[in-house]
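What follows is a set of notes on a single structure, which appears directly below.
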Amino acid sequence: MKQFNEEESKYAASAKAFRANVTRDLGNEELRSNFRGAMDYLMGKRKSAFSLADELEALREQCKLIKQRCLVKLPHLLEQLEDKLETNGIKVHWAETITEANEIIAQLIAQKNGKTVVKGKSMVSEETALNDYLEERNVECLESDMGEYIVQLAKQHPSHIIMPAIHQNKQQVAQLFADNIDGFEYSTDVDTLIQQGRTILRDKFCQADVGISGVNFAVAETGTLCLVENEGNGRMCTTIPDLHIAITGIEKVVEHLSDVPPLLSLLTRSATGQAISTYFNMISSPRKTGEKDGPKEVHLVLLDNGRSQAFADEELRQTLQCIRCGACMNHCPVYTRIGGHAYGTVYPGPIGKIISPHMLGLDATSNLPTASTLCGACGEVCPVKIPIPKILLRLREESVKPKSDQPQIMQGQGAGRSNVEALIWKAWAQVHESPKLYALSMWGLTRFRFLMPKKLGGWTSVRTAPKPAATTLHEQIKAKQAKQDKQLKNGQG
Amino acid sequence: MTKATVADIKVVSSNARGNILAKLKAEVKGAHYDKLPEESPYIYPEFSHQENLAQFVAELEKNHAQVIKTTKGLMAEVIREQLKALNIDKLLHGEGDAYHEVLTQLKASKVELQAYDFSIDNNKELLFNECPAALSSSRCSIAATGSIVLWPDENEPRSLSLVPPVHFVIVDANKLYADFARLIAANEWQNKLPTNVVLISGPSKTADIQQTLAYGAHGPKALIVLLLNSEEART
């Protein structure tokens with residue numbers, strides 16, 4: 001059963017190259033130091049934002065239940081959201097695949113003869129690789145979040161979902177600006193760098209005819225798009241140009257306006273340790289008659305891209321509870337060491353490992369669920385209590401399942417299955433089911449221990465090969481008991 | 001390479017809508033919406049108005065906003081002093097009753113006043129390049145997070161509080177709510193949201209370069225809060 005084309009996303013190839021990416025990035029000391037510093041900073045910020053442990057636990061439980069309620073009502077809430085938004089004058093579009101979403105946006109822009117687009121931070125638009133799609137159609141699409149702007153200038157993609165340029169230090173940014181911006185004199189002063197970005201981007205806000213943004217919460221009850229941000233670029237993109245197009249995943253809808261405050265509180269505190277972001281922007285309609293600014297048209301594109309596959313399984317559905325705070329990656333020992341680009345996916349870190357298989361298929365991502373020590377930190381800090389380690393185990397299972405004619409739970413199921421590995425496990429199981437076979441195999445293993453190879457693939461690249469003992473544990477205990485019995489007899493004699 | 005025929009996005013969207021909703025509905029068929037687990041919110045302690053006000057000011061100051069306790073009568077003088085210190089002689093402002101008194105007083109000074117009485121459509125250059133400071137009112141505020149609620153309308157456009165590099169905002173201490181949840185509940189916001197509502201909790205900022213905080217990323221570099229009725233008891 002083919003649900004989508006794995007090659008549709010450019011990230012399928014980079015995710016497949018996971019092992020090579022890891023080797024490349026682990027060897028980059030500057031990169032590792034940048035991530036270590038940033039993760040220590042973000043963990044500290046989060047910790048200081050939750051001074052009351054009982055408040056944190058109560059909020060996590062509440063927000064988990066809010067998201068689970070909204071998911072179990074998802075189709076109905078999407079219909080309600082669409083209905084409310086249309087009543088408010090916001091047009092709603094639906095897309096099953098990234099190409100559909102990109103085409104809808106490209107045509108909306110073309111209908112208005114749009115040539116210049118400014119974009120607020122949107123991970124969903126990274127998912128669809130919208131910039132590439134628009135560029136091919138001669139539409140300039142400029143990232144306006146400072147981190148995204150840096151990343152775009154460097155022709156990279158974000159390495160973190162909240163802080164996109166976290167893999168670069170200020171010296172690297174200064175060099176990037178000096179190389180790419182006319183008249184910029186190399187400076188590592190962060191204020192100077194930001195003011196340079198501000199000057200360029202304010203001109204663009206002033207000229208742009210289209211603004212594109214993501215959505216943090218879409219409220220079904222009121223037909224409201226909520227955006228969380230600190231810089232003001234999100235407000236610029238959604239206020240100044242004539243046309244505003246928002247794009248989001250179908251899982252971002254919440255039922256009530258009253259669901260927003262606890263989710264917002266957990267989102268900003270888990271992400272950056274802020275009580276609230278500088279701006280919380282709630283958009284419910286385009287410019288009304290008499291109003292002097294705001295876009296004349298507002299559109300929302302709702303994207304599936306594999307989310308309905310996750311939805312179809314109750315355990316995997318929990319993946320969709322995510323509010324994209326990034327706390328799981330900030331606390332992940334693997335992410336901290338390999339960095340965000342090694343995953344090769346749009347969403348890196350623990351959440352990326354459990355959501356990307358639905359977007360790219362297990363064929364491209366079967367390595368990702370194995371890239372975890374299962375230490376549990378991600379599950380512990382997740383503000384909506386997604387059992388990430390449990391889902392990682394489940395995905396490992398899905399990726400090694402034997403191929404069958406039964407309907408698949410996941411596209412690419414069994415992609416990580418190795419016949420040799422499967423055979424070894426089968427033999428292992430048989431040996432352990434029969435005491436005779438077990439004894440025989442242990443005898444063989446100890447007697448022929450000199451046959452143990454010195455090199456055992458990845459295991460011996462950083463360790464010495466294990467060497468079986470000369471006799472089995474059973475034999476050793478038997479020998480010891482015989483000796484004790486003998487001593488006992490001698491003593492009595 | 002020949003380009004494929006252009007897809008009709010209305011058809012694409014309508015098909016996608018049908019497929020997505022059908023898939024999702026099949027999965028939640030028969031769900032018991034009346035038997036969902038009870039959600040219990042965390043009960044925050046009640047604070048006095050004075051405590052809430054102190055929290056409001058502390059949060060704003062922590063986020064680099066400047067809070068000046070003043071009165072309706074003295075507000076114009078405060079604005080004039082601040083503008084002078086910033087070397088700014090022009091002020092963009094909204095329209096309506098909230099401004100009447102302060103504008104009358106400011107008119108007597110050297111500050112050039114510019115009402116936001118124009119459509120943004122042909123005036124973006126003016127707004128971006130010739131408006132160094134702006135004055136807006138606010139609807140209410142939130143103590144827990146130090147947030148000021150703006151409720152833009154035809155008198156106070158959305159960009160008034162966004163584009164000029166310095167933003168003066170008039171805040172009435174008597175319209176302070178303990179937290180966002182209580183504010184929404186008390187005012188039944190779910191029944192009456194306007195085009196745009198924005199919560200502002202400081203000047204624009206970013207930590208996108210090596211986690212170093214920098215103010216004035218894209219929006220105002222300075223947020224100056226003119227806090228009225230701060231000494232009076234809540235009525």
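Starting from 1 in every chain, residues are counted up; chains themselves are A, B, ... following the order of the structure tokens, and ligands are numbered from 1 as listed.
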
Applying 9 Å and only C-alpha atoms, which residues near B:Val67 remain after dropping the ones on its own chain fewer than 3 positions away? List them as a ChimeraX atom specification. /B:57,60-61,223-227

Give me, as a PDB file with C-alpha atoms, in the first residue's frame, all polymer residues having an atom no more than 8 Å from stretch 134-143 of chain B, counting only C-alpha atoms and skipping those fewer than 4 positions away in the same chain.
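Writing done, so here's out-v3.pdb:
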```pdb
ATOM      1  CA  ASN B  52      -0.456  41.752  41.375  1.00  0.00           C
ATOM      2  CA  LEU B  53       0.596  45.240  40.400  1.00  0.00           C
ATOM      3  CA  GLN B  55       4.353  41.451  39.926  1.00  0.00           C
ATOM      4  CA  PHE B  56       3.192  43.163  36.711  1.00  0.00           C
ATOM      5  CA  VAL B  57       5.827  45.875  37.003  1.00  0.00           C
ATOM      6  CA  GLU B  59       7.908  41.144  35.034  1.00  0.00           C
ATOM      7  CA  LEU B  91       5.097  61.204  17.802  1.00  0.00           C
ATOM      8  CA  LEU B  92       2.641  59.001  15.921  1.00  0.00           C
ATOM      9  CA  HIS B  93      -0.553  58.403  17.865  1.00  0.00           C
ATOM     10  CA  GLY B  94      -3.905  56.691  17.657  1.00  0.00           C
ATOM     11  CA  ALA B  98      -8.132  57.876  25.431  1.00  0.00           C
ATOM     12  CA  TYR B  99      -5.772  60.430  23.910  1.00  0.00           C
ATOM     13  CA  SER B 147       1.666  41.478  29.588  1.00  0.00           C
ATOM     14  CA  ILE B 148      -0.189  44.418  28.091  1.00  0.00           C
ATOM     15  CA  VAL B 149      -3.257  43.634  26.003  1.00  0.00           C
ATOM     16  CA  LEU B 150      -3.725  45.662  22.830  1.00  0.00           C
ATOM     17  CA  TRP B 151      -7.023  45.520  21.004  1.00  0.00           C
ATOM     18  CA  GLU B 156      -5.457  52.242  16.761  1.00  0.00           C
ATOM     19  CA  LEU B 160       0.970  51.605  15.490  1.00  0.00           C
ATOM     20  CA  SER B 161       2.484  49.473  18.269  1.00  0.00           C
ATOM     21  CA  PRO B 164       7.915  52.834  15.212  1.00  0.00           C
ATOM     22  CA  VAL B 166       9.837  53.529  20.405  1.00  0.00           C
ATOM     23  CA  HIS B 167       6.431  52.551  21.763  1.00  0.00           C
ATOM     24  CA  PHE B 168       4.715  54.489  24.558  1.00  0.00           C
ATOM     25  CA  VAL B 169       1.700  52.647  25.900  1.00  0.00           C
ATOM     26  CA  ILE B 170      -0.861  53.923  28.375  1.00  0.00           C
ATOM     27  CA  VAL B 171      -1.809  51.289  30.930  1.00  0.00           C
ATOM     28  CA  ASP B 172      -4.526  51.637  33.554  1.00  0.00           C
ATOM     29  CA  LYS B 175      -7.631  47.071  34.501  1.00  0.00           C
ATOM     30  CA  LEU B 176      -5.185  44.470  35.741  1.00  0.00           C
ATOM     31  CA  TYR B 177      -5.987  40.735  35.750  1.00  0.00           C
ATOM     32  CA  ALA B 178      -4.060  38.109  37.691  1.00  0.00           C
ATOM     33  CA  ASP B 179      -3.457  35.824  34.711  1.00  0.00           C
ATOM     34  CA  PHE B 180      -4.436  35.156  31.097  1.00  0.00           C
ATOM     35  CA  LEU B 183      -8.812  37.505  31.840  1.00  0.00           C
TER      36      LEU B 183
END
```

From B:Ile68, B:Phe47, B:Glu101, B:Lys192, residue lying nearest chain A [only C-alpha atoms]: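 Smallest separation from chain A among the options: B:Lys192.
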
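Omitting B:Leu126 and its sequence neighbours fewer than 2 positions away, and counting only C-alpha atoms, the residues within 12 Å are A:Cys206, B:Leu92, B:Gln114, B:Tyr116, B:Phe118, B:Ser119, B:Ile120, B:Asp121, B:Asn122, B:Asn123, B:Lys124, B:Phe128, B:Asn129, B:Glu130, B:Cys131, B:Pro132, B:Val163, B:Pro164.
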
For A:Thr192: contacts at 10 Å, only C-alpha atoms, fewer than 6 positions along chain excluded, given as an mmCIF file with C-alpha atoms, in the first residue's frame:
```
data_model
loop_
_atom_site.group_PDB
_atom_site.id
_atom_site.type_symbol
_atom_site.label_atom_id
_atom_site.label_comp_id
_atom_site.auth_asym_id
_atom_site.auth_seq_id
_atom_site.Cartn_x
_atom_site.Cartn_y
_atom_site.Cartn_z
ATOM 1 C CA ALA A 174 29.975 37.766 11.690
ATOM 2 C CA PHE A 184 29.090 45.171 6.475
ATOM 3 C CA GLU A 185 32.296 45.412 8.415
ATOM 4 C CA TYR A 186 33.221 42.262 10.345
ATOM 5 C CA ARG A 198 16.968 44.640 11.308
ATOM 6 C CA ALA B 214 19.605 41.709 21.863
#
```

To test your reading of the structure, identify every residue in stretch 63-185 of chain A that backbone DSSP assigns to helix (DSSP H, G or I), and report it as a PyMOL selection string. chain A and resi 63-72+74-88+98-111+123-127+130-136+146-153+170-180

For B:Val102, work out the shell of residues within 8 Å, counting only C-alpha atoms and skipping chain neighbours fewer than 4 positions away, then give it as a ChimeraX atom specification. /B:72-73,75-76,106

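With only C-alpha atoms as the atoms that count, the residue of B:Gly216, B:His49, B:Leu74, B:Glu38 with the shortest distance to A:Gln196 is B:Gly216.
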
Selected residue, from A:Ile386, A:Leu56, A:Met359, A:Ile98, that lies nearest to B:Tyr42 when counting only C-alpha atoms: A:Leu56

Which is closest to A:Gly114 among A:Ala208, A:Gly197, A:Gly27, A:Thr87, if we use only C-alpha atoms? A:Ala208

Within 9 Å of stretch 244-250 of chain A, counting only C-alpha atoms, which residues qualify if same-chain residues fewer than 5 places away don't, as an mmCIF file with N, CA, C and O atoms, in the first residue's frame?
```
data_model
loop_
_atom_site.group_PDB
_atom_site.id
_atom_site.type_symbol
_atom_site.label_atom_id
_atom_site.label_comp_id
_atom_site.auth_asym_id
_atom_site.auth_seq_id
_atom_site.Cartn_x
_atom_site.Cartn_y
_atom_site.Cartn_z
ATOM 1 N N LEU A 74 -10.462 15.611 16.708
ATOM 2 C CA LEU A 74 -9.775 16.341 15.632
ATOM 3 C C LEU A 74 -10.606 16.589 14.366
ATOM 4 O O LEU A 74 -10.715 17.744 13.931
ATOM 5 N N LEU A 78 -11.523 20.346 13.204
ATOM 6 C CA LEU A 78 -11.042 20.922 11.937
ATOM 7 C C LEU A 78 -12.211 21.509 11.154
ATOM 8 O O LEU A 78 -12.105 22.585 10.564
ATOM 9 N N ALA A 101 0.548 21.487 -0.791
ATOM 10 C CA ALA A 101 0.604 22.716 0.015
ATOM 11 C C ALA A 101 1.391 23.796 -0.719
ATOM 12 O O ALA A 101 0.965 24.960 -0.795
ATOM 13 N N ILE A 105 0.008 27.498 -2.158
ATOM 14 C CA ILE A 105 0.611 28.777 -1.766
ATOM 15 C C ILE A 105 1.147 29.516 -2.997
ATOM 16 O O ILE A 105 0.924 30.722 -3.160
ATOM 17 N N LEU A 108 -1.767 31.052 -4.827
ATOM 18 C CA LEU A 108 -2.344 32.194 -4.102
ATOM 19 C C LEU A 108 -1.483 33.436 -4.317
ATOM 20 O O LEU A 108 -1.985 34.544 -4.481
ATOM 21 N N ILE A 109 -0.163 33.223 -4.319
ATOM 22 C CA ILE A 109 0.759 34.343 -4.531
ATOM 23 C C ILE A 109 0.644 34.838 -5.974
ATOM 24 O O ILE A 109 0.560 36.046 -6.225
ATOM 25 N N SER A 122 8.357 29.315 10.437
ATOM 26 C CA SER A 122 7.368 28.243 10.287
ATOM 27 C C SER A 122 8.068 26.941 9.956
ATOM 28 O O SER A 122 8.642 26.781 8.885
ATOM 29 N N MET A 123 8.046 25.998 10.891
ATOM 30 C CA MET A 123 8.692 24.705 10.644
ATOM 31 C C MET A 123 7.920 23.904 9.597
ATOM 32 O O MET A 123 8.502 23.103 8.877
ATOM 33 N N VAL A 124 6.586 24.129 9.514
ATOM 34 C CA VAL A 124 5.807 23.390 8.516
ATOM 35 C C VAL A 124 6.235 23.808 7.106
ATOM 36 O O VAL A 124 6.304 22.987 6.195
ATOM 37 N N SER A 125 6.579 25.094 6.936
ATOM 38 C CA SER A 125 7.039 25.518 5.615
ATOM 39 C C SER A 125 8.446 24.990 5.322
ATOM 40 O O SER A 125 8.834 24.849 4.165
ATOM 41 N N ASP A 209 4.909 41.977 -0.778
ATOM 42 C CA ASP A 209 3.470 41.937 -1.030
ATOM 43 C C ASP A 209 2.800 40.722 -0.403
ATOM 44 O O ASP A 209 1.581 40.634 -0.385
ATOM 45 N N VAL A 210 3.595 39.795 0.115
ATOM 46 C CA VAL A 210 3.017 38.623 0.762
ATOM 47 C C VAL A 210 3.763 38.331 2.064
ATOM 48 O O VAL A 210 4.987 38.447 2.124
ATOM 49 N N GLY A 211 3.011 37.941 3.088
ATOM 50 C CA GLY A 211 3.613 37.480 4.339
ATOM 51 C C GLY A 211 3.181 36.052 4.599
ATOM 52 O O GLY A 211 2.006 35.716 4.436
ATOM 53 N N ILE A 212 4.152 35.198 4.956
ATOM 54 C CA ILE A 212 3.822 33.802 5.267
ATOM 55 C C ILE A 212 4.214 33.526 6.714
ATOM 56 O O ILE A 212 5.275 33.970 7.169
ATOM 57 N N SER A 213 3.352 32.836 7.435
ATOM 58 C CA SER A 213 3.656 32.520 8.831
ATOM 59 C C SER A 213 3.229 31.095 9.137
ATOM 60 O O SER A 213 2.516 30.466 8.360
ATOM 61 N N GLY A 214 3.655 30.615 10.278
ATOM 62 C CA GLY A 214 3.137 29.356 10.803
ATOM 63 C C GLY A 214 1.993 29.671 11.753
ATOM 64 O O GLY A 214 1.468 30.783 11.756
ATOM 65 N N VAL A 215 1.626 28.690 12.557
ATOM 66 C CA VAL A 215 0.573 28.856 13.561
ATOM 67 C C VAL A 215 0.985 28.034 14.780
ATOM 68 O O VAL A 215 1.441 26.909 14.629
ATOM 69 N N ASN A 216 0.853 28.606 15.985
ATOM 70 C CA ASN A 216 1.130 27.812 17.178
ATOM 71 C C ASN A 216 -0.117 27.102 17.700
ATOM 72 O O ASN A 216 -0.070 25.938 18.050
ATOM 73 N N ALA A 218 -4.426 26.935 16.617
ATOM 74 C CA ALA A 218 -5.573 27.390 15.845
ATOM 75 C C ALA A 218 -6.812 27.070 16.676
ATOM 76 O O ALA A 218 -7.079 25.909 16.981
ATOM 77 N N LEU A 225 -6.076 32.359 14.771
ATOM 78 C CA LEU A 225 -4.726 31.836 14.577
ATOM 79 C C LEU A 225 -3.805 32.518 15.586
ATOM 80 O O LEU A 225 -3.698 33.743 15.594
ATOM 81 N N CYS A 237 5.019 40.138 9.346
ATOM 82 C CA CYS A 237 4.580 39.308 8.213
ATOM 83 C C CYS A 237 3.067 39.195 8.151
ATOM 84 O O CYS A 237 2.498 39.022 7.074
ATOM 85 N N THR A 238 2.410 39.267 9.311
ATOM 86 C CA THR A 238 0.966 39.065 9.333
ATOM 87 C C THR A 238 0.198 40.383 9.360
ATOM 88 O O THR A 238 -1.024 40.377 9.439
ATOM 89 N N THR A 239 0.919 41.503 9.321
ATOM 90 C CA THR A 239 0.255 42.813 9.435
ATOM 91 C C THR A 239 0.507 43.718 8.236
ATOM 92 O O THR A 239 -0.396 44.404 7.771
ATOM 93 N N PRO A 286 -9.182 39.050 8.326
ATOM 94 C CA PRO A 286 -8.423 40.031 7.564
ATOM 95 C C PRO A 286 -8.896 41.443 7.921
ATOM 96 O O PRO A 286 -9.799 41.601 8.745
ATOM 97 N N GLY A 294 -3.360 45.921 8.167
ATOM 98 C CA GLY A 294 -3.654 44.488 8.227
ATOM 99 C C GLY A 294 -3.860 43.970 6.817
ATOM 100 O O GLY A 294 -4.195 44.726 5.913
ATOM 101 N N PRO A 295 -3.618 42.670 6.608
ATOM 102 C CA PRO A 295 -3.757 42.104 5.264
ATOM 103 C C PRO A 295 -5.209 42.138 4.778
ATOM 104 O O PRO A 295 -6.137 41.987 5.570
ATOM 105 N N LYS A 296 -5.365 42.335 3.467
ATOM 106 C CA LYS A 296 -6.723 42.356 2.913
ATOM 107 C C LYS A 296 -7.258 40.943 2.742
ATOM 108 O O LYS A 296 -8.455 40.732 2.671
ATOM 109 N N GLU A 297 -6.326 39.999 2.604
ATOM 110 C CA GLU A 297 -6.733 38.593 2.511
ATOM 111 C C GLU A 297 -5.890 37.765 3.465
ATOM 112 O O GLU A 297 -4.680 37.959 3.557
ATOM 113 N N VAL A 298 -6.551 36.822 4.153
ATOM 114 C CA VAL A 298 -5.822 35.876 4.992
ATOM 115 C C VAL A 298 -6.234 34.461 4.591
ATOM 116 O O VAL A 298 -7.426 34.189 4.408
ATOM 117 N N HIS A 299 -5.243 33.605 4.420
ATOM 118 C CA HIS A 299 -5.496 32.209 4.043
ATOM 119 C C HIS A 299 -4.809 31.292 5.046
ATOM 120 O O HIS A 299 -3.739 31.612 5.551
ATOM 121 N N LEU A 300 -5.420 30.145 5.284
ATOM 122 C CA LEU A 300 -4.782 29.121 6.108
ATOM 123 C C LEU A 300 -4.674 27.836 5.294
ATOM 124 O O LEU A 300 -5.658 27.384 4.706
ATOM 125 N N VAL A 301 -3.470 27.271 5.250
ATOM 126 C CA VAL A 301 -3.273 25.980 4.588
ATOM 127 C C VAL A 301 -3.068 24.917 5.672
ATOM 128 O O VAL A 301 -2.158 25.020 6.494
ATOM 129 N N LEU A 302 -3.954 23.921 5.667
ATOM 130 C CA LEU A 302 -3.876 22.822 6.637
ATOM 131 C C LEU A 302 -3.189 21.636 5.967
ATOM 132 O O LEU A 302 -3.662 21.121 4.958
ATOM 133 N N LEU A 303 -2.075 21.205 6.552
ATOM 134 C CA LEU A 303 -1.275 20.149 5.919
ATOM 135 C C LEU A 303 -1.344 18.834 6.700
ATOM 136 O O LEU A 303 -1.218 18.827 7.919
ATOM 137 N N ASP A 304 -1.514 17.746 5.972
ATOM 138 C CA ASP A 304 -1.478 16.418 6.597
ATOM 139 C C ASP A 304 -0.035 15.896 6.619
ATOM 140 O O ASP A 304 0.583 15.809 7.666
ATOM 141 N N ASN A 305 0.511 15.595 5.448
ATOM 142 C CA ASN A 305 1.886 15.073 5.328
ATOM 143 C C ASN A 305 2.240 14.005 6.364
ATOM 144 O O ASN A 305 3.187 14.156 7.133
ATOM 145 N N ARG A 307 0.588 12.972 9.005
ATOM 146 C CA ARG A 307 0.036 13.076 10.355
ATOM 147 C C ARG A 307 -1.147 12.127 10.546
ATOM 148 O O ARG A 307 -1.327 11.558 11.625
ATOM 149 N N SER A 308 -1.948 11.946 9.478
ATOM 150 C CA SER A 308 -3.106 11.054 9.629
ATOM 151 C C SER A 308 -2.666 9.601 9.787
ATOM 152 O O SER A 308 -3.385 8.787 10.342
#
```

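Comparing A:Ile150, A:Ala13, A:Leu423, A:Leu257 by their smallest distance to B:Ile184, the closest is A:Leu257 (using only C-alpha atoms).
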